[in-house]
Amino acid sequence: MTIRLAATALDQAAALLRAGELVAFPTETVYGLGGDATSDESVAAIFAAKGRPRFNPLIVHLSRAGQAERLAQIDSRAALLMQRFWPGPLTLVLRRAPRCPISLLASAGLDTLALRVPAHPLALELLRAADRPIAAPSANRSGRVSPTTADHVMAELDGHIAAVLDGGPCRIGIESTVVDLTGKTPLLLRPGGITLEELERQLGPLAAPNPEEAPRAPGMLASHYAPSLPVRLDASSVGANEALIAFGPDAPKGAAETLWLSKNGDVDEAAAHLFAVLRALDRPEFTAIAVMPIPEHGLGRAINDRLRRAATR
Ligand code: TXA
Ligand code: MG
């Protein structure tokens, strides 16, 4: 049985983490499935709970940027981004420090480490109370959409983890941006809560990973975030048996059910609703989920990335 803890039971959640148990917790992006990042057993338990392939490395969460130095090699670009965007929805992939105490399993055998300081007050309090780096993928079963409420976490992982700390719905609703700083040119491995525009203002142009190479962020398989129903993108009309994800004031009529990402066409609001709406419409009475076009700017880029993956099967 998975226990649901109120925000006031934070100390209990921290004690479970210190004892090596798994605890899901809210961040500003999505709920994370946390475990002690220095313990091979806890990290292995995370993979088991998610049903996740072993080769997919995990993000390690810290309560302060100052803790990163002991764990990874920080160059001037990393220092700049940490200073500008932490706490916040940015994950940096860096080389592991020589005596890095983080479980090698969290790096999935790579010599790199993904680090982030989340901007959710409850997450930061939990990280401080747990008093160790916490490895946390999104708290969903492998291949499913990320949870943005404690109810979503329960629907995914009840019985597989010790507890979920309930902090209400996540503010941003889409995962962190992942930037790889291990090479000469910074690579955008995953669009997310910090926009490409914001990053390029600090760093200059970022490159996209070479699709010919093995994926640098192995979690970014083409087919990921998959609902059970087929997803049809760029819909301008809709069938009577289809569910519709609408964006903006003018949605086509005739869908079996319509849910809006944002009625007034706000991409930030749309990101916050994306995963809850995908989840709510993924029901066997529909033949497919049709999605109206979302503009490719700001968080729209991350939304379209997730939708393209949801549509690939
Ligand atoms: O917003 C988020 O980032 C959430 C919250 C809980 O922090 N976490 C999250 O974790 O989305 P996850 O495991 O679902 O996605 C982590 C992504 C994956 O695409 C993974 O492959 C990539 O980060 N990643 C992690 N470590 C990496 C590494 N060493 N090298 C390259 N990519 C890495
Ligand atoms: Mg995930």
# chains A, B, ... in the order shown; residues from 1 in each chain; ligands from 1
>>> residues_around(residues="Ala13 in chain A", least_positions_apart="5", cutoff="10 Å", atoms="only C-alpha atoms", output="VMD selection string")
chain A and resid 3 to 8 18 to 19 21 to 25 126 129 to 130 162 to 165
>>> write_last_selection(atoms="C-alpha atoms", output="PDB file, in the first residue's frame")
ATOM      1  CA  ILE A   3       0.464   6.101   1.740  1.00  0.00           C
ATOM      2  CA  ARG A   4      -0.621   9.597   0.795  1.00  0.00           C
ATOM      3  CA  LEU A   5       1.107  12.219   2.911  1.00  0.00           C
ATOM      4  CA  ALA A   6      -0.092  15.796   3.369  1.00  0.00           C
ATOM      5  CA  ALA A   7       2.466  18.604   3.055  1.00  0.00           C
ATOM      6  CA  THR A   8       2.526  18.785   6.865  1.00  0.00           C
ATOM      7  CA  ARG A  18      16.637   8.349   4.312  1.00  0.00           C
ATOM      8  CA  ALA A  19      15.606   4.743   5.013  1.00  0.00           C
ATOM      9  CA  GLU A  21      12.273   3.890   0.489  1.00  0.00           C
ATOM     10  CA  LEU A  22      10.691   5.483  -2.591  1.00  0.00           C
ATOM     11  CA  VAL A  23       8.588   8.633  -2.191  1.00  0.00           C
ATOM     12  CA  ALA A  24       6.868  10.541  -4.998  1.00  0.00           C
ATOM     13  CA  PHE A  25       6.923  14.321  -4.499  1.00  0.00           C
ATOM     14  CA  LEU A 126      11.964  17.666   1.347  1.00  0.00           C
ATOM     15  CA  ALA A 129      15.203  17.273   5.228  1.00  0.00           C
ATOM     16  CA  ALA A 130      16.303  14.129   3.350  1.00  0.00           C
ATOM     17  CA  ALA A 162       6.106   3.764  -0.053  1.00  0.00           C
ATOM     18  CA  ALA A 163       4.389   7.154  -0.235  1.00  0.00           C
ATOM     19  CA  VAL A 164       3.324  10.161  -2.258  1.00  0.00           C
ATOM     20  CA  LEU A 165       3.686  13.640  -0.800  1.00  0.00           C
TER      21      LEU A 165
END
>>> closest_atom_pairs(of="chain A", to="ligand 2", cutoff="12 Å", atoms="only C-alpha atoms and all ligand atoms", output="JSON lines")
{"residue": "A:Thr29", "atom": "CA", "partner": "ligand 2", "partner_atom_place_in_ligand_line": "1 (Mg)", "distance": 11.0}
{"residue": "A:Val30", "atom": "CA", "partner": "ligand 2", "partner_atom_place_in_ligand_line": "1 (Mg)", "distance": 9.0}
{"residue": "A:Tyr31", "atom": "CA", "partner": "ligand 2", "partner_atom_place_in_ligand_line": "1 (Mg)", "distance": 9.7}
{"residue": "A:Gly32", "atom": "CA", "partner": "ligand 2", "partner_atom_place_in_ligand_line": "1 (Mg)", "distance": 8.7}
{"residue": "A:Leu33", "atom": "CA", "partner": "ligand 2", "partner_atom_place_in_ligand_line": "1 (Mg)", "distance": 9.7}
{"residue": "A:Phe47", "atom": "CA", "partner": "ligand 2", "partner_atom_place_in_ligand_line": "1 (Mg)", "distance": 11.7}
{"residue": "A:Lys50", "atom": "CA", "partner": "ligand 2", "partner_atom_place_in_ligand_line": "1 (Mg)", "distance": 9.6}
{"residue": "A:Gly51", "atom": "CA", "partner": "ligand 2", "partner_atom_place_in_ligand_line": "1 (Mg)", "distance": 11.8}
{"residue": "A:Arg52", "atom": "CA", "partner": "ligand 2", "partner_atom_place_in_ligand_line": "1 (Mg)", "distance": 9.7}
{"residue": "A:Pro53", "atom": "CA", "partner": "ligand 2", "partner_atom_place_in_ligand_line": "1 (Mg)", "distance": 12.0}
{"residue": "A:Asn56", "atom": "CA", "partner": "ligand 2", "partner_atom_place_in_ligand_line": "1 (Mg)", "distance": 9.9}
{"residue": "A:Pro57", "atom": "CA", "partner": "ligand 2", "partner_atom_place_in_ligand_line": "1 (Mg)", "distance": 10.6}
{"residue": "A:Leu58", "atom": "CA", "partner": "ligand 2", "partner_atom_place_in_ligand_line": "1 (Mg)", "distance": 9.2}
{"residue": "A:Ile59", "atom": "CA", "partner": "ligand 2", "partner_atom_place_in_ligand_line": "1 (Mg)", "distance": 9.9}
{"residue": "A:Ala136", "atom": "CA", "partner": "ligand 2", "partner_atom_place_in_ligand_line": "1 (Mg)", "distance": 9.3}
{"residue": "A:Pro137", "atom": "CA", "partner": "ligand 2", "partner_atom_place_in_ligand_line": "1 (Mg)", "distance": 5.6}
{"residue": "A:Ser138", "atom": "CA", "partner": "ligand 2", "partner_atom_place_in_ligand_line": "1 (Mg)", "distance": 4.3}
{"residue": "A:Ala139", "atom": "CA", "partner": "ligand 2", "partner_atom_place_in_ligand_line": "1 (Mg)", "distance": 7.3}
{"residue": "A:Asn140", "atom": "CA", "partner": "ligand 2", "partner_atom_place_in_ligand_line": "1 (Mg)", "distance": 6.9}
{"residue": "A:Arg141", "atom": "CA", "partner": "ligand 2", "partner_atom_place_in_ligand_line": "1 (Mg)", "distance": 8.6}
{"residue": "A:Ser142", "atom": "CA", "partner": "ligand 2", "partner_atom_place_in_ligand_line": "1 (Mg)", "distance": 7.3}
{"residue": "A:Gly143", "atom": "CA", "partner": "ligand 2", "partner_atom_place_in_ligand_line": "1 (Mg)", "distance": 7.5}
{"residue": "A:Arg144", "atom": "CA", "partner": "ligand 2", "partner_atom_place_in_ligand_line": "1 (Mg)", "distance": 7.8}
{"residue": "A:Val145", "atom": "CA", "partner": "ligand 2", "partner_atom_place_in_ligand_line": "1 (Mg)", "distance": 7.3}
{"residue": "A:Ser146", "atom": "CA", "partner": "ligand 2", "partner_atom_place_in_ligand_line": "1 (Mg)", "distance": 5.9}
{"residue": "A:Pro147", "atom": "CA", "partner": "ligand 2", "partner_atom_place_in_ligand_line": "1 (Mg)", "distance": 9.1}
{"residue": "A:Thr148", "atom": "CA", "partner": "ligand 2", "partner_atom_place_in_ligand_line": "1 (Mg)", "distance": 11.6}
{"residue": "A:Ile174", "atom": "CA", "partner": "ligand 2", "partner_atom_place_in_ligand_line": "1 (Mg)", "distance": 9.9}
{"residue": "A:Glu175", "atom": "CA", "partner": "ligand 2", "partner_atom_place_in_ligand_line": "1 (Mg)", "distance": 7.6}
{"residue": "A:Ser176", "atom": "CA", "partner": "ligand 2", "partner_atom_place_in_ligand_line": "1 (Mg)", "distance": 10.0}
{"residue": "A:Thr177", "atom": "CA", "partner": "ligand 2", "partner_atom_place_in_ligand_line": "1 (Mg)", "distance": 11.9}
{"residue": "A:Val178", "atom": "CA", "partner": "ligand 2", "partner_atom_place_in_ligand_line": "1 (Mg)", "distance": 11.8}
{"residue": "A:Arg190", "atom": "CA", "partner": "ligand 2", "partner_atom_place_in_ligand_line": "1 (Mg)", "distance": 10.9}
{"residue": "A:Gly192", "atom": "CA", "partner": "ligand 2", "partner_atom_place_in_ligand_line": "1 (Mg)", "distance": 11.7}
{"residue": "A:Ala217", "atom": "CA", "partner": "ligand 2", "partner_atom_place_in_ligand_line": "1 (Mg)", "distance": 11.1}
{"residue": "A:Pro218", "atom": "CA", "partner": "ligand 2", "partner_atom_place_in_ligand_line": "1 (Mg)", "distance": 10.8}
{"residue": "A:Gly219", "atom": "CA", "partner": "ligand 2", "partner_atom_place_in_ligand_line": "1 (Mg)", "distance": 7.1}
{"residue": "A:Met220", "atom": "CA", "partner": "ligand 2", "partner_atom_place_in_ligand_line": "1 (Mg)", "distance": 8.8}
{"residue": "A:Leu221", "atom": "CA", "partner": "ligand 2", "partner_atom_place_in_ligand_line": "1 (Mg)", "distance": 10.9}
{"residue": "A:His224", "atom": "CA", "partner": "ligand 2", "partner_atom_place_in_ligand_line": "1 (Mg)", "distance": 8.6}
{"residue": "A:Tyr225", "atom": "CA", "partner": "ligand 2", "partner_atom_place_in_ligand_line": "1 (Mg)", "distance": 7.8}
{"residue": "A:Ala226", "atom": "CA", "partner": "ligand 2", "partner_atom_place_in_ligand_line": "1 (Mg)", "distance": 11.2}
{"residue": "A:Phe275", "atom": "CA", "partner": "ligand 2", "partner_atom_place_in_ligand_line": "1 (Mg)", "distance": 11.6}
{"residue": "A:Arg306", "atom": "CA", "partner": "ligand 2", "partner_atom_place_in_ligand_line": "1 (Mg)", "distance": 10.6}
>>> write_last_selection(atoms="N, CA and C atoms", output="short mmCIF file (atom, residue, chain, number, x, y, z; two decimals), in the first residue's frame")
data_model
loop_
_atom_site.label_atom_id
_atom_site.label_comp_id
_atom_site.auth_asym_id
_atom_site.auth_seq_id
_atom_site.Cartn_x
_atom_site.Cartn_y
_atom_site.Cartn_z
N THR A 29 7.49 21.20 -12.12
CA THR A 29 7.23 20.66 -13.46
C THR A 29 6.20 19.54 -13.40
N VAL A 30 6.61 18.40 -12.86
CA VAL A 30 5.74 17.22 -12.72
C VAL A 30 6.12 16.54 -11.41
N TYR A 31 5.35 15.53 -10.99
CA TYR A 31 5.73 14.77 -9.79
C TYR A 31 6.93 13.87 -10.12
N GLY A 32 7.87 13.80 -9.16
CA GLY A 32 9.03 12.93 -9.31
C GLY A 32 8.89 11.70 -8.44
N LEU A 33 9.53 10.60 -8.86
CA LEU A 33 9.55 9.36 -8.08
C LEU A 33 10.93 9.29 -7.44
N PHE A 47 13.92 2.03 -10.85
CA PHE A 47 13.76 1.40 -12.17
C PHE A 47 12.68 0.32 -12.11
N LYS A 50 9.11 1.80 -11.86
CA LYS A 50 8.67 2.40 -13.13
C LYS A 50 8.51 1.37 -14.23
N GLY A 51 9.12 0.20 -14.07
CA GLY A 51 9.18 -0.74 -15.18
C GLY A 51 9.98 -0.11 -16.30
N ARG A 52 11.06 0.59 -15.94
CA ARG A 52 11.84 1.37 -16.90
C ARG A 52 13.07 0.58 -17.34
N PRO A 53 13.39 0.64 -18.64
CA PRO A 53 14.61 -0.01 -19.11
C PRO A 53 15.83 0.57 -18.40
N ASN A 56 18.25 3.91 -19.14
CA ASN A 56 17.78 5.28 -19.11
C ASN A 56 18.22 5.98 -17.82
N PRO A 57 19.14 6.95 -17.89
CA PRO A 57 19.65 7.58 -16.67
C PRO A 57 18.62 8.51 -16.02
N LEU A 58 18.87 8.83 -14.74
CA LEU A 58 17.90 9.60 -13.95
C LEU A 58 18.43 10.99 -13.62
N ILE A 59 17.52 11.92 -13.39
CA ILE A 59 17.91 13.25 -12.94
C ILE A 59 18.11 13.22 -11.42
N ALA A 136 15.25 11.21 -9.20
CA ALA A 136 13.79 11.20 -9.41
C ALA A 136 13.44 11.36 -10.89
N PRO A 137 13.01 10.27 -11.51
CA PRO A 137 12.36 10.39 -12.81
C PRO A 137 10.93 10.85 -12.59
N SER A 138 10.22 11.18 -13.65
CA SER A 138 8.81 11.48 -13.50
C SER A 138 8.11 10.25 -12.92
N ALA A 139 7.09 10.48 -12.07
CA ALA A 139 6.50 9.40 -11.27
C ALA A 139 5.40 8.65 -12.01
N ASN A 140 5.73 8.22 -13.24
CA ASN A 140 4.78 7.43 -14.03
C ASN A 140 5.43 6.10 -14.36
N ARG A 141 4.61 5.11 -14.72
CA ARG A 141 5.16 3.88 -15.27
C ARG A 141 5.85 4.23 -16.59
N SER A 142 6.86 3.47 -16.96
CA SER A 142 7.65 3.77 -18.16
C SER A 142 6.76 3.90 -19.39
N GLY A 143 7.02 4.96 -20.19
CA GLY A 143 6.30 5.13 -21.45
C GLY A 143 4.97 5.85 -21.33
N ARG A 144 4.52 6.17 -20.11
CA ARG A 144 3.23 6.83 -19.93
C ARG A 144 3.44 8.33 -19.66
N VAL A 145 2.36 9.09 -19.73
CA VAL A 145 2.52 10.54 -19.55
C VAL A 145 2.85 10.86 -18.09
N SER A 146 3.55 11.95 -17.89
CA SER A 146 4.00 12.34 -16.56
C SER A 146 2.83 12.80 -15.70
N PRO A 147 2.88 12.51 -14.38
CA PRO A 147 1.81 12.91 -13.47
C PRO A 147 1.97 14.35 -13.00
N THR A 148 0.88 15.08 -12.95
CA THR A 148 0.93 16.46 -12.45
C THR A 148 0.05 16.65 -11.21
N ILE A 174 4.95 20.57 -17.36
CA ILE A 174 5.74 19.89 -18.38
C ILE A 174 7.15 19.76 -17.82
N GLU A 175 7.89 18.70 -18.23
CA GLU A 175 9.16 18.41 -17.57
C GLU A 175 10.21 19.49 -17.82
N SER A 176 11.31 19.37 -17.08
CA SER A 176 12.40 20.33 -17.21
C SER A 176 13.06 20.23 -18.58
N THR A 177 13.67 21.33 -19.00
CA THR A 177 14.52 21.36 -20.19
C THR A 177 15.82 20.64 -19.85
N VAL A 178 16.29 19.75 -20.74
CA VAL A 178 17.55 19.04 -20.50
C VAL A 178 18.61 19.55 -21.48
N ARG A 190 16.21 17.90 -24.47
CA ARG A 190 14.76 17.83 -24.31
C ARG A 190 14.23 19.24 -24.09
N GLY A 192 11.68 21.92 -22.65
CA GLY A 192 10.91 21.82 -21.41
C GLY A 192 10.63 23.18 -20.82
N ALA A 217 19.92 11.49 -24.76
CA ALA A 217 19.00 11.36 -23.63
C ALA A 217 18.15 10.14 -23.96
N PRO A 218 18.58 8.97 -23.47
CA PRO A 218 17.94 7.74 -23.92
C PRO A 218 16.45 7.70 -23.61
N GLY A 219 16.00 8.56 -22.67
CA GLY A 219 14.57 8.60 -22.38
C GLY A 219 13.77 9.21 -23.51
N MET A 220 14.49 9.85 -24.45
CA MET A 220 13.80 10.56 -25.50
C MET A 220 13.55 9.67 -26.71
N LEU A 221 13.17 8.44 -26.48
CA LEU A 221 12.81 7.57 -27.60
C LEU A 221 11.65 8.21 -28.35
N HIS A 224 7.08 7.72 -26.90
CA HIS A 224 7.18 7.91 -25.46
C HIS A 224 5.95 8.72 -25.10
N TYR A 225 5.66 8.85 -23.85
CA TYR A 225 4.49 9.63 -23.45
C TYR A 225 3.25 9.12 -24.17
N ALA A 226 3.14 7.81 -24.32
CA ALA A 226 2.10 7.29 -25.19
C ALA A 226 0.81 7.00 -24.44
N PHE A 275 -0.74 17.18 -19.65
CA PHE A 275 -0.74 15.77 -19.26
C PHE A 275 -2.05 15.35 -18.62
N ARG A 306 6.25 16.75 -26.90
CA ARG A 306 5.56 15.66 -26.21
C ARG A 306 4.42 15.10 -27.06
#
>>> residues_around(residues="Glu41 in chain A", least_positions_apart="3", cutoff="10 Å", atoms="only C-alpha atoms", output="MDAnalysis selection string")
chainID A and resid 20:21 35:38 44:46 103 105
>>> residues_around(residues="Thr182 in chain A", least_positions_apart="4", cutoff="10 Å", atoms="only C-alpha atoms", output="list in words")
Gln73, Ile74, Asp75, Ala78, Leu92, Val93, Leu94, Arg95, Arg96, Asp111, Thr112, Leu113, Pro186 and Leu187 of chain A
>>> residues_around(residues="Ser76 in chain A", least_positions_apart="6", cutoff="12 Å", atoms="only C-alpha atoms", output="ChimeraX atom specification")
/A:82-83,94,181,202-203
>>> write_last_selection(atoms="all heavy atoms", output="mmCIF file, in the first residue's frame")
data_model
loop_
_atom_site.group_PDB
_atom_site.id
_atom_site.type_symbol
_atom_site.label_atom_id
_atom_site.label_comp_id
_atom_site.auth_asym_id
_atom_site.auth_seq_id
_atom_site.Cartn_x
_atom_site.Cartn_y
_atom_site.Cartn_z
ATOM 1 N N MET A 82 23.332 27.696 -13.970
ATOM 2 C CA MET A 82 22.887 27.391 -12.608
ATOM 3 C C MET A 82 22.489 28.674 -11.887
ATOM 4 O O MET A 82 21.482 28.736 -11.190
ATOM 5 C CB MET A 82 24.015 26.684 -11.841
ATOM 6 C CG MET A 82 24.203 25.235 -12.266
ATOM 7 S SD MET A 82 25.816 24.517 -11.826
ATOM 8 C CE MET A 82 25.967 24.948 -10.141
ATOM 9 N N GLN A 83 23.334 29.696 -12.085
ATOM 10 C CA GLN A 83 23.087 30.973 -11.415
ATOM 11 C C GLN A 83 21.800 31.627 -11.938
ATOM 12 O O GLN A 83 21.005 32.159 -11.178
ATOM 13 C CB GLN A 83 24.300 31.863 -11.671
ATOM 14 C CG GLN A 83 24.538 32.908 -10.626
ATOM 15 C CD GLN A 83 24.135 34.267 -11.137
ATOM 16 O OE1 GLN A 83 24.197 34.508 -12.347
ATOM 17 N NE2 GLN A 83 23.696 35.134 -10.246
ATOM 18 N N LEU A 94 26.216 16.928 -17.093
ATOM 19 C CA LEU A 94 27.618 17.310 -16.868
ATOM 20 C C LEU A 94 28.455 16.049 -16.681
ATOM 21 O O LEU A 94 27.911 14.963 -16.446
ATOM 22 C CB LEU A 94 27.704 18.166 -15.589
ATOM 23 C CG LEU A 94 26.809 19.411 -15.558
ATOM 24 C CD1 LEU A 94 26.762 19.984 -14.141
ATOM 25 C CD2 LEU A 94 27.313 20.447 -16.545
ATOM 26 N N LEU A 181 25.961 19.747 -21.476
ATOM 27 C CA LEU A 181 27.113 20.658 -21.542
ATOM 28 C C LEU A 181 28.420 19.880 -21.578
ATOM 29 O O LEU A 181 29.478 20.438 -21.293
ATOM 30 C CB LEU A 181 27.100 21.592 -20.332
ATOM 31 C CG LEU A 181 25.986 22.641 -20.299
ATOM 32 C CD1 LEU A 181 26.064 23.443 -19.006
ATOM 33 C CD2 LEU A 181 26.056 23.563 -21.506
ATOM 34 N N GLN A 202 21.332 33.404 -22.923
ATOM 35 C CA GLN A 202 22.490 33.260 -22.030
ATOM 36 C C GLN A 202 23.690 32.657 -22.745
ATOM 37 O O GLN A 202 24.833 33.036 -22.495
ATOM 38 C CB GLN A 202 22.134 32.348 -20.843
ATOM 39 C CG GLN A 202 20.955 32.806 -20.024
ATOM 40 C CD GLN A 202 21.199 34.148 -19.355
ATOM 41 O OE1 GLN A 202 22.307 34.433 -18.908
ATOM 42 N NE2 GLN A 202 20.174 34.977 -19.294
ATOM 43 N N LEU A 203 23.449 31.673 -23.609
ATOM 44 C CA LEU A 203 24.530 30.809 -24.114
ATOM 45 C C LEU A 203 24.880 31.051 -25.569
ATOM 46 O O LEU A 203 25.877 30.524 -26.049
ATOM 47 C CB LEU A 203 24.085 29.338 -24.033
ATOM 48 C CG LEU A 203 24.194 28.582 -22.721
ATOM 49 C CD1 LEU A 203 23.860 27.129 -22.972
ATOM 50 C CD2 LEU A 203 25.576 28.709 -22.108
#
>>> select_by_dssp(residues="range 36-77 of chain A", states="strand (DSSP E)", output="MDAnalysis selection string")
chainID A and resid 36 59:61
>>> write_last_selection(atoms="C-alpha atoms", output="mmCIF file, in the first residue's frame")
data_model
loop_
_atom_site.group_PDB
_atom_site.id
_atom_site.type_symbol
_atom_site.label_atom_id
_atom_site.label_comp_id
_atom_site.auth_asym_id
_atom_site.auth_seq_id
_atom_site.Cartn_x
_atom_site.Cartn_y
_atom_site.Cartn_z
ATOM 1 C CA ASP A 36 18.333 8.109 -2.378
ATOM 2 C CA ILE A 59 17.910 13.253 -12.935
ATOM 3 C CA VAL A 60 19.495 13.885 -9.529
ATOM 4 C CA HIS A 61 17.733 16.594 -7.528
#
>>> decode(residues="range 17-43 of chain A", atoms="C-alpha atoms", output="mmCIF file, in the first residue's frame")
data_model
loop_
_atom_site.group_PDB
_atom_site.id
_atom_site.type_symbol
_atom_site.label_atom_id
_atom_site.label_comp_id
_atom_site.auth_asym_id
_atom_site.auth_seq_id
_atom_site.Cartn_x
_atom_site.Cartn_y
_atom_site.Cartn_z
ATOM 1 C CA LEU A 17 13.800 8.563 1.773
ATOM 2 C CA ARG A 18 16.637 8.349 4.312
ATOM 3 C CA ALA A 19 15.606 4.743 5.013
ATOM 4 C CA GLY A 20 15.999 3.934 1.298
ATOM 5 C CA GLU A 21 12.273 3.890 0.489
ATOM 6 C CA LEU A 22 10.691 5.483 -2.591
ATOM 7 C CA VAL A 23 8.588 8.633 -2.191
ATOM 8 C CA ALA A 24 6.868 10.541 -4.998
ATOM 9 C CA PHE A 25 6.923 14.321 -4.499
ATOM 10 C CA PRO A 26 5.744 17.420 -6.339
ATOM 11 C CA THR A 27 8.061 19.704 -8.279
ATOM 12 C CA GLU A 28 7.141 22.807 -10.276
ATOM 13 C CA THR A 29 7.231 20.661 -13.462
ATOM 14 C CA VAL A 30 5.740 17.222 -12.722
ATOM 15 C CA TYR A 31 5.729 14.768 -9.789
ATOM 16 C CA GLY A 32 9.029 12.928 -9.314
ATOM 17 C CA LEU A 33 9.555 9.360 -8.080
ATOM 18 C CA GLY A 34 12.302 9.954 -5.525
ATOM 19 C CA GLY A 35 14.904 7.673 -4.014
ATOM 20 C CA ASP A 36 18.333 8.109 -2.378
ATOM 21 C CA ALA A 37 20.676 8.832 -5.319
ATOM 22 C CA THR A 38 23.711 7.553 -3.383
ATOM 23 C CA SER A 39 22.142 4.123 -2.828
ATOM 24 C CA ASP A 40 22.341 1.520 -5.599
ATOM 25 C CA GLU A 41 19.441 -0.345 -3.984
ATOM 26 C CA SER A 42 17.149 2.693 -3.954
ATOM 27 C CA VAL A 43 18.031 3.604 -7.538
#
